[in-house]
Amino acid sequence: MQNILELGFAHGKSTLYMAAALDEIGRGSVITIDKQNAKERDPNIIALLENVGLKQYVDPIFANRSYTWELMKLIERNTHNNYCKPLFDFCFIDGGHTWDVTGFGFLLVEKLLMPNGWILFDDLAWTIESSARIPDARKEQIPEEERKTAQVGKAFSLLVKQHPNFHNFKDDGWWGWAQKKPFEEQSH
Ligand SMILES: C[S@@+](CC[C@H](N)C(=O)[O-])C[C@H]1O[C@@H](n2cnc3c(N)ncnc32)[C@H](O)[C@@H]1O
């Protein structure tokens, strides 16, 4: 895996692990997307990448609103004659954590993932209700059913595992893996 897409980098910790792995093999790149406010994190991804000397492997994108919009631009740039050329052999999805953002993000990533490429989802069992970071006042604005539902888990079981172009699912309750089928086995 050397052409990597990451959705949600926060400070850049997971990005650094992947960049270090690329450094071991001496090639590859990570395109990673978070929001503009990730620049204000201390430390932020730019500082961390400079500190460890791995910035040549990483292209961080700071989205104005959402990675879903940035993925639209990536798909558009790589679409010719109504076909989007897939770019990545690994995608780590660790941002959004809602049904809407994770589910739509997955459908966009599917277009950009090469045959035999892998997707990894973090936080299958995470809920808004259980989050210590989300203030109670914000939680109260969200319908109870959505607060208490593991939304990444729903996207994994209802969209990823039922998608005709994926197989080899692995799910330990927190991490979910799925592999894109070879081109000839995909539905076109
Ligand atoms: C759990 S953190 C990522 C942690 C990181 N992958 C790591 O393991 O070090 C989730 C990140 O996703 C970002 N995020 C959430 N929704 C997003 C969206 N719609 N577009 C872009 N980034 C988003 C948040 O800003 C946050 O920094």
# chains A, B, ... in the order shown; residues from 1 in each chain; ligands from 1
call {"tool": "residues_around", "arguments": {"residues": "range 30-47 of chain A", "least_positions_apart": "2", "cutoff": "8 Å", "atoms": "only C-alpha atoms", "output": "MDAnalysis selection string"}}
result
chainID A and resid 2:13 15 18:19 28 49:51 55 57:67 70 95
call {"tool": "write_last_selection", "arguments": {"atoms": "C-alpha atoms", "output": "CSV table (one decimal), in the first residue's frame"}}
result
chain,number,residue,atom,x,y,z
A,2,GLN,CA,1.7,3.2,-1.1
A,3,ASN,CA,-1.0,5.5,-2.5
A,4,ILE,CA,-2.9,6.4,0.6
A,5,LEU,CA,-6.0,8.6,1.3
A,6,GLU,CA,-6.8,9.5,4.9
A,7,LEU,CA,-10.0,11.2,5.9
A,8,GLY,CA,-9.6,13.0,9.3
A,9,PHE,CA,-6.1,13.7,10.5
A,10,ALA,CA,-6.6,15.9,13.6
A,11,HIS,CA,-3.0,16.5,14.8
A,12,GLY,CA,-1.6,14.1,12.2
A,13,LYS,CA,-0.7,11.2,14.5
A,15,THR,CA,-0.7,10.3,9.2
A,18,MET,CA,1.6,5.9,7.5
A,19,ALA,CA,4.3,8.4,6.3
A,28,GLY,CA,4.5,6.5,-1.9
A,49,LEU,CA,5.6,16.5,9.7
A,50,GLU,CA,8.5,19.0,9.8
A,51,ASN,CA,9.7,17.8,13.2
A,55,LYS,CA,6.7,16.0,5.0
A,57,TYR,CA,5.3,11.9,1.8
A,58,VAL,CA,2.2,13.9,2.8
A,59,ASP,CA,-0.1,16.3,1.1
A,60,PRO,CA,-2.5,17.7,3.8
A,61,ILE,CA,-5.7,19.3,2.5
A,62,PHE,CA,-7.6,21.7,4.9
A,63,ALA,CA,-11.2,21.6,3.7
A,64,ASN,CA,-13.4,24.7,4.1
A,65,ARG,CA,-16.3,22.5,5.2
A,66,SER,CA,-16.0,18.8,4.6
A,67,TYR,CA,-13.8,16.2,3.0
A,70,GLU,CA,-12.7,17.9,-1.5
A,95,GLY,CA,-13.4,11.6,10.3
call {"tool": "select_by_dssp", "arguments": {"residues": "range 30-186 of chain A", "states": "strand (DSSP E or B)", "output": "tab-separated table (two decimals) with N, CA and C atoms, in the first residue's frame"}}
result
chain	number	residue	atom	x	y	z
A	30	VAL	N	0.74	10.14	0.92
A	30	VAL	CA	-0.53	10.20	1.65
A	30	VAL	C	-1.20	11.53	1.31
A	31	ILE	N	-2.41	11.46	0.77
A	31	ILE	CA	-3.26	12.66	0.70
A	31	ILE	C	-4.19	12.56	1.89
A	32	THR	N	-4.18	13.58	2.74
A	32	THR	CA	-4.99	13.50	3.94
A	32	THR	C	-5.82	14.76	4.09
A	33	ILE	N	-7.07	14.59	4.51
A	33	ILE	CA	-8.02	15.73	4.52
A	33	ILE	C	-8.64	15.90	5.90
A	34	ASP	N	-8.62	17.12	6.37
A	34	ASP	CA	-9.36	17.50	7.59
A	34	ASP	C	-9.95	18.88	7.33
A	35	LYS	N	-10.36	19.56	8.39
A	35	LYS	CA	-10.97	20.88	8.22
A	35	LYS	C	-9.94	21.98	8.45
A	58	VAL	N	3.61	13.55	2.46
A	58	VAL	CA	2.23	13.88	2.83
A	58	VAL	C	1.75	15.17	2.19
A	59	ASP	N	0.52	15.11	1.67
A	59	ASP	CA	-0.12	16.31	1.13
A	59	ASP	C	-1.38	16.57	1.96
A	60	PRO	N	-1.29	17.45	2.97
A	60	PRO	CA	-2.48	17.71	3.79
A	60	PRO	C	-3.41	18.71	3.11
A	61	ILE	N	-4.70	18.40	3.11
A	61	ILE	CA	-5.70	19.31	2.55
A	61	ILE	C	-6.59	19.79	3.70
A	62	PHE	N	-6.73	21.12	3.81
A	62	PHE	CA	-7.58	21.70	4.85
A	62	PHE	C	-8.89	22.14	4.19
A	63	ALA	N	-9.92	21.35	4.37
A	63	ALA	CA	-11.21	21.61	3.70
A	63	ALA	C	-11.92	22.78	4.37
A	79	THR	N	-11.64	12.39	-13.68
A	79	THR	CA	-12.67	11.83	-14.54
A	79	THR	C	-12.43	12.22	-16.00
A	80	HIS	N	-12.37	11.21	-16.85
A	80	HIS	CA	-12.24	11.44	-18.29
A	80	HIS	C	-13.18	10.47	-18.99
A	83	TYR	N	-15.37	8.34	-16.80
A	83	TYR	CA	-14.75	7.29	-15.95
A	83	TYR	C	-13.76	7.96	-15.00
A	84	CYS	N	-13.88	7.64	-13.72
A	84	CYS	CA	-12.96	8.19	-12.73
A	84	CYS	C	-11.83	7.18	-12.51
A	88	PHE	N	-6.01	5.38	-5.31
A	88	PHE	CA	-5.48	4.95	-4.01
A	88	PHE	C	-5.57	3.43	-3.85
A	89	ASP	N	-4.59	2.88	-3.12
A	89	ASP	CA	-4.70	1.46	-2.78
A	89	ASP	C	-4.99	1.26	-1.30
A	90	PHE	N	-5.09	2.36	-0.56
A	90	PHE	CA	-5.50	2.25	0.85
A	90	PHE	C	-6.19	3.55	1.26
A	91	CYS	N	-7.31	3.40	1.94
A	91	CYS	CA	-7.99	4.59	2.47
A	91	CYS	C	-8.33	4.35	3.93
A	92	PHE	N	-7.93	5.28	4.80
A	92	PHE	CA	-8.23	5.21	6.23
A	92	PHE	C	-9.30	6.27	6.51
A	93	ILE	N	-10.48	5.82	6.94
A	93	ILE	CA	-11.58	6.74	7.22
A	93	ILE	C	-11.72	6.91	8.72
A	113	LEU	N	-10.85	4.19	-5.21
A	113	LEU	CA	-10.06	3.07	-4.72
A	113	LEU	C	-9.74	2.09	-5.85
A	114	MET	N	-8.47	1.72	-5.94
A	114	MET	CA	-8.05	0.79	-7.01
A	114	MET	C	-8.58	-0.62	-6.74
A	115	PRO	N	-8.71	-1.43	-7.78
A	115	PRO	CA	-9.04	-2.83	-7.58
A	115	PRO	C	-8.04	-3.45	-6.58
A	116	ASN	N	-8.56	-4.27	-5.67
A	116	ASN	CA	-7.77	-4.93	-4.62
A	116	ASN	C	-7.31	-3.98	-3.50
A	117	GLY	N	-7.66	-2.70	-3.60
A	117	GLY	CA	-7.30	-1.75	-2.53
A	117	GLY	C	-8.15	-2.00	-1.28
A	118	TRP	N	-7.66	-1.46	-0.17
A	118	TRP	CA	-8.34	-1.67	1.11
A	118	TRP	C	-8.87	-0.37	1.70
A	119	ILE	N	-9.99	-0.48	2.40
A	119	ILE	CA	-10.49	0.64	3.23
A	119	ILE	C	-10.47	0.18	4.67
A	120	LEU	N	-10.07	1.07	5.56
A	120	LEU	CA	-10.11	0.79	7.00
A	120	LEU	C	-10.94	1.89	7.68
A	121	PHE	N	-11.95	1.44	8.43
A	121	PHE	CA	-12.77	2.37	9.21
A	121	PHE	C	-12.37	2.26	10.68
A	166	PHE	N	-17.14	-4.92	-3.01
A	166	PHE	CA	-16.23	-5.19	-1.87
A	166	PHE	C	-16.39	-6.61	-1.36
A	167	HIS	N	-15.29	-7.10	-0.76
A	167	HIS	CA	-15.32	-8.42	-0.12
A	167	HIS	C	-14.23	-8.46	0.96
A	168	ASN	N	-13.98	-9.62	1.51
A	168	ASN	CA	-12.94	-9.79	2.54
A	168	ASN	C	-13.11	-8.83	3.72
A	169	PHE	N	-14.31	-8.84	4.28
A	169	PHE	CA	-14.59	-7.93	5.39
A	169	PHE	C	-14.00	-8.48	6.68
A	170	LYS	N	-13.42	-7.58	7.47
A	170	LYS	CA	-12.93	-7.95	8.80
A	170	LYS	C	-13.44	-6.88	9.76
A	171	ASP	N	-13.95	-7.36	10.88
A	171	ASP	CA	-14.60	-6.42	11.81
A	171	ASP	C	-14.40	-6.95	13.22
A	176	GLY	N	-12.95	-1.73	11.11
A	176	GLY	CA	-13.60	-2.45	10.02
A	176	GLY	C	-12.77	-2.36	8.74
A	177	TRP	N	-12.42	-3.52	8.19
A	177	TRP	CA	-11.65	-3.57	6.94
A	177	TRP	C	-12.54	-4.07	5.80
A	178	ALA	N	-12.30	-3.57	4.61
A	178	ALA	CA	-13.00	-4.09	3.42
A	178	ALA	C	-12.05	-3.95	2.23
A	179	GLN	N	-12.07	-4.96	1.36
A	179	GLN	CA	-11.20	-4.92	0.18
A	179	GLN	C	-12.03	-4.77	-1.08
A	180	LYS	N	-11.57	-3.92	-1.97
A	180	LYS	CA	-12.23	-3.77	-3.27
A	180	LYS	C	-11.93	-5.02	-4.11
call {"tool": "atom_distance", "arguments": {"atom1": "CA of Lys161 in chain A", "atom2": "CA of Ala21 in chain A"}}
result
27.9 Å
call {"tool": "closest_residue", "arguments": {"among": "A:Val160, A:Ile75, A:Val101, A:Met1", "to": "ligand 1", "atoms": "only C-alpha atoms and all ligand atoms"}}
result
A:Val101
call {"tool": "closest_residue", "arguments": {"among": "A:Lys111, A:Glu76, A:Asn81, A:Asp122", "to": "ligand 1", "atoms": "only C-alpha atoms and all ligand atoms"}}
result
A:Asp122
call {"tool": "residues_around", "arguments": {"residues": "Leu159 in chain A", "least_positions_apart": "4", "cutoff": "12 Å", "atoms": "only C-alpha atoms", "output": "ChimeraX atom specification"}}
result
/A:99-100,102-107,110,151-155,163-166,178
call {"tool": "write_last_selection", "arguments": {"atoms": "N, CA and C atoms", "output": "PDB file, in the first residue's frame"}}
result
ATOM      1  N   TRP A  99     -23.574   8.973  10.114  1.00  0.00           N
ATOM      2  CA  TRP A  99     -24.113   8.182   8.979  1.00  0.00           C
ATOM      3  C   TRP A  99     -23.927   8.947   7.672  1.00  0.00           C
ATOM      4  N   ASP A 100     -24.319  10.231   7.689  1.00  0.00           N
ATOM      5  CA  ASP A 100     -24.290  11.020   6.455  1.00  0.00           C
ATOM      6  C   ASP A 100     -22.868  11.171   5.917  1.00  0.00           C
ATOM      7  N   THR A 102     -19.964   9.640   6.870  1.00  0.00           N
ATOM      8  CA  THR A 102     -19.236   8.388   6.645  1.00  0.00           C
ATOM      9  C   THR A 102     -19.806   7.650   5.436  1.00  0.00           C
ATOM     10  N   GLY A 103     -21.134   7.592   5.373  1.00  0.00           N
ATOM     11  CA  GLY A 103     -21.772   6.849   4.287  1.00  0.00           C
ATOM     12  C   GLY A 103     -21.485   7.478   2.932  1.00  0.00           C
ATOM     13  N   PHE A 104     -21.660   8.792   2.844  1.00  0.00           N
ATOM     14  CA  PHE A 104     -21.402   9.446   1.560  1.00  0.00           C
ATOM     15  C   PHE A 104     -19.904   9.420   1.257  1.00  0.00           C
ATOM     16  N   GLY A 105     -19.076   9.607   2.299  1.00  0.00           N
ATOM     17  CA  GLY A 105     -17.623   9.528   2.111  1.00  0.00           C
ATOM     18  C   GLY A 105     -17.231   8.179   1.523  1.00  0.00           C
ATOM     19  N   PHE A 106     -17.838   7.108   2.032  1.00  0.00           N
ATOM     20  CA  PHE A 106     -17.520   5.775   1.515  1.00  0.00           C
ATOM     21  C   PHE A 106     -17.862   5.668   0.022  1.00  0.00           C
ATOM     22  N   LEU A 107     -19.026   6.172  -0.360  1.00  0.00           N
ATOM     23  CA  LEU A 107     -19.426   6.064  -1.774  1.00  0.00           C
ATOM     24  C   LEU A 107     -18.467   6.836  -2.682  1.00  0.00           C
ATOM     25  N   GLU A 110     -15.140   4.873  -2.819  1.00  0.00           N
ATOM     26  CA  GLU A 110     -15.253   3.682  -3.671  1.00  0.00           C
ATOM     27  C   GLU A 110     -14.804   3.993  -5.100  1.00  0.00           C
ATOM     28  N   GLN A 151     -22.931   5.137  14.392  1.00  0.00           N
ATOM     29  CA  GLN A 151     -23.234   5.489  13.004  1.00  0.00           C
ATOM     30  C   GLN A 151     -22.184   4.986  12.017  1.00  0.00           C
ATOM     31  N   VAL A 152     -20.914   4.950  12.438  1.00  0.00           N
ATOM     32  CA  VAL A 152     -19.891   4.385  11.542  1.00  0.00           C
ATOM     33  C   VAL A 152     -20.183   2.891  11.353  1.00  0.00           C
ATOM     34  N   GLY A 153     -20.592   2.247  12.435  1.00  0.00           N
ATOM     35  CA  GLY A 153     -20.950   0.823  12.367  1.00  0.00           C
ATOM     36  C   GLY A 153     -22.102   0.588  11.398  1.00  0.00           C
ATOM     37  N   LYS A 154     -23.083   1.488  11.421  1.00  0.00           N
ATOM     38  CA  LYS A 154     -24.223   1.349  10.478  1.00  0.00           C
ATOM     39  C   LYS A 154     -23.734   1.485   9.032  1.00  0.00           C
ATOM     40  N   ALA A 155     -22.860   2.463   8.788  1.00  0.00           N
ATOM     41  CA  ALA A 155     -22.348   2.640   7.421  1.00  0.00           C
ATOM     42  C   ALA A 155     -21.581   1.382   6.996  1.00  0.00           C
ATOM     43  N   HIS A 163     -22.040  -3.672  -0.350  1.00  0.00           N
ATOM     44  CA  HIS A 163     -21.652  -3.095  -1.647  1.00  0.00           C
ATOM     45  C   HIS A 163     -21.135  -4.202  -2.580  1.00  0.00           C
ATOM     46  N   PRO A 164     -21.612  -4.258  -3.824  1.00  0.00           N
ATOM     47  CA  PRO A 164     -21.212  -5.363  -4.709  1.00  0.00           C
ATOM     48  C   PRO A 164     -19.728  -5.366  -5.074  1.00  0.00           C
ATOM     49  N   ASN A 165     -19.024  -4.247  -4.875  1.00  0.00           N
ATOM     50  CA  ASN A 165     -17.617  -4.198  -5.291  1.00  0.00           C
ATOM     51  C   ASN A 165     -16.634  -4.495  -4.161  1.00  0.00           C
ATOM     52  N   PHE A 166     -17.136  -4.920  -3.009  1.00  0.00           N
ATOM     53  CA  PHE A 166     -16.233  -5.186  -1.873  1.00  0.00           C
ATOM     54  C   PHE A 166     -16.389  -6.609  -1.361  1.00  0.00           C
ATOM     55  N   ALA A 178     -12.300  -3.575   4.607  1.00  0.00           N
ATOM     56  CA  ALA A 178     -12.996  -4.089   3.419  1.00  0.00           C
ATOM     57  C   ALA A 178     -12.053  -3.952   2.231  1.00  0.00           C
TER      58      ALA A 178
END
call {"tool": "residues_around", "arguments": {"residues": "Ala150 in chain A", "least_positions_apart": "5", "cutoff": "10 Å", "atoms": "only C-alpha atoms", "output": "VMD selection string"}}
result
chain A and resid 97 to 99 123 to 130 145 155
call {"tool": "closest_residue", "arguments": {"among": "A:Ile25, A:Arg133, A:Gly173, A:Lys139", "to": "ligand 1", "atoms": "only C-alpha atoms and all ligand atoms"}}
result
A:Arg133
call {"tool": "atom_distance", "arguments": {"atom1": "atom 13 (C, counted along the ligand's line) of ligand 1", "atom2": "CA of Gly96 in chain A"}}
result
5.8 Å
call {"tool": "closest_residue", "arguments": {"among": "A:Leu16, A:Met72, A:Leu48, A:Ala132", "to": "Val109 in chain A", "atoms": "only C-alpha atoms"}}
result
A:Met72
call {"tool": "select_by_dssp", "arguments": {"residues": "range 31-132 of chain A", "states": "alpha helix (DSSP H)", "output": "VMD selection string"}}
result
chain A and resid 45 to 52 67 to 77 99 to 112
call {"tool": "write_last_selection", "arguments": {"atoms": "N, CA and C atoms", "output": "compact mmCIF listing (two decimals), in the first residue's frame"}}
result
# COMPACT_ATOMS: atom_id res chain seq x y z
N ILE A 45 -0.51 19.36 12.07
CA ILE A 45 0.11 18.34 11.21
C ILE A 45 1.36 18.86 10.50
N ILE A 46 1.35 20.16 10.16
CA ILE A 46 2.49 20.73 9.43
C ILE A 46 3.74 20.69 10.32
N ALA A 47 3.56 21.13 11.58
CA ALA A 47 4.69 21.15 12.52
C ALA A 47 5.19 19.73 12.79
N LEU A 48 4.24 18.79 12.98
CA LEU A 48 4.66 17.42 13.28
C LEU A 48 5.44 16.81 12.11
N LEU A 49 4.95 17.04 10.90
CA LEU A 49 5.64 16.47 9.73
C LEU A 49 7.04 17.05 9.57
N GLU A 50 7.16 18.36 9.86
CA GLU A 50 8.49 18.98 9.76
C GLU A 50 9.41 18.43 10.84
N ASN A 51 8.87 18.30 12.06
CA ASN A 51 9.70 17.81 13.18
C ASN A 51 10.29 16.44 12.91
N VAL A 52 9.49 15.57 12.29
CA VAL A 52 9.98 14.20 12.09
C VAL A 52 10.60 13.99 10.71
N TYR A 67 -14.58 16.94 3.96
CA TYR A 67 -13.80 16.15 3.00
C TYR A 67 -14.66 15.67 1.83
N THR A 68 -15.97 15.62 2.04
CA THR A 68 -16.82 15.16 0.93
C THR A 68 -16.72 16.12 -0.27
N TRP A 69 -16.57 17.41 0.01
CA TRP A 69 -16.43 18.39 -1.08
C TRP A 69 -15.08 18.24 -1.75
N GLU A 70 -14.05 18.02 -0.96
CA GLU A 70 -12.70 17.86 -1.53
C GLU A 70 -12.63 16.58 -2.38
N LEU A 71 -13.35 15.55 -1.95
CA LEU A 71 -13.36 14.31 -2.73
C LEU A 71 -14.06 14.52 -4.08
N MET A 72 -15.09 15.37 -4.07
CA MET A 72 -15.75 15.71 -5.35
C MET A 72 -14.72 16.27 -6.32
N LYS A 73 -13.85 17.17 -5.81
CA LYS A 73 -12.86 17.79 -6.69
C LYS A 73 -11.84 16.76 -7.19
N LEU A 74 -11.46 15.85 -6.31
CA LEU A 74 -10.52 14.79 -6.72
C LEU A 74 -11.14 13.91 -7.81
N ILE A 75 -12.41 13.55 -7.60
CA ILE A 75 -13.10 12.71 -8.59
C ILE A 75 -13.21 13.47 -9.92
N GLU A 76 -13.56 14.73 -9.83
CA GLU A 76 -13.73 15.54 -11.05
C GLU A 76 -12.41 15.65 -11.82
N ARG A 77 -11.31 15.90 -11.09
CA ARG A 77 -10.00 16.05 -11.74
C ARG A 77 -9.55 14.77 -12.43
N TRP A 99 -23.57 8.97 10.11
CA TRP A 99 -24.11 8.18 8.98
C TRP A 99 -23.93 8.95 7.67
N ASP A 100 -24.32 10.23 7.69
CA ASP A 100 -24.29 11.02 6.45
C ASP A 100 -22.87 11.17 5.92
N VAL A 101 -21.95 11.62 6.78
CA VAL A 101 -20.60 11.94 6.30
C VAL A 101 -19.82 10.65 6.00
N THR A 102 -19.96 9.64 6.87
CA THR A 102 -19.24 8.39 6.65
C THR A 102 -19.81 7.65 5.44
N GLY A 103 -21.13 7.59 5.37
CA GLY A 103 -21.77 6.85 4.29
C GLY A 103 -21.49 7.48 2.93
N PHE A 104 -21.66 8.79 2.84
CA PHE A 104 -21.40 9.45 1.56
C PHE A 104 -19.90 9.42 1.26
N GLY A 105 -19.08 9.61 2.30
CA GLY A 105 -17.62 9.53 2.11
C GLY A 105 -17.23 8.18 1.52
N PHE A 106 -17.84 7.11 2.03
CA PHE A 106 -17.52 5.78 1.52
C PHE A 106 -17.86 5.67 0.02
N LEU A 107 -19.03 6.17 -0.36
CA LEU A 107 -19.43 6.06 -1.77
C LEU A 107 -18.47 6.84 -2.68
N LEU A 108 -17.96 7.96 -2.16
CA LEU A 108 -16.98 8.73 -2.94
C LEU A 108 -15.64 8.00 -3.00
N VAL A 109 -15.23 7.45 -1.87
CA VAL A 109 -13.96 6.73 -1.82
C VAL A 109 -13.99 5.51 -2.73
N GLU A 110 -15.14 4.87 -2.82
CA GLU A 110 -15.25 3.68 -3.67
C GLU A 110 -14.80 3.99 -5.10
N LYS A 111 -15.11 5.20 -5.56
CA LYS A 111 -14.74 5.58 -6.92
C LYS A 111 -13.22 5.76 -7.08
N LEU A 112 -12.59 6.12 -5.96
CA LEU A 112 -11.16 6.46 -6.02
C LEU A 112 -10.25 5.31 -5.62
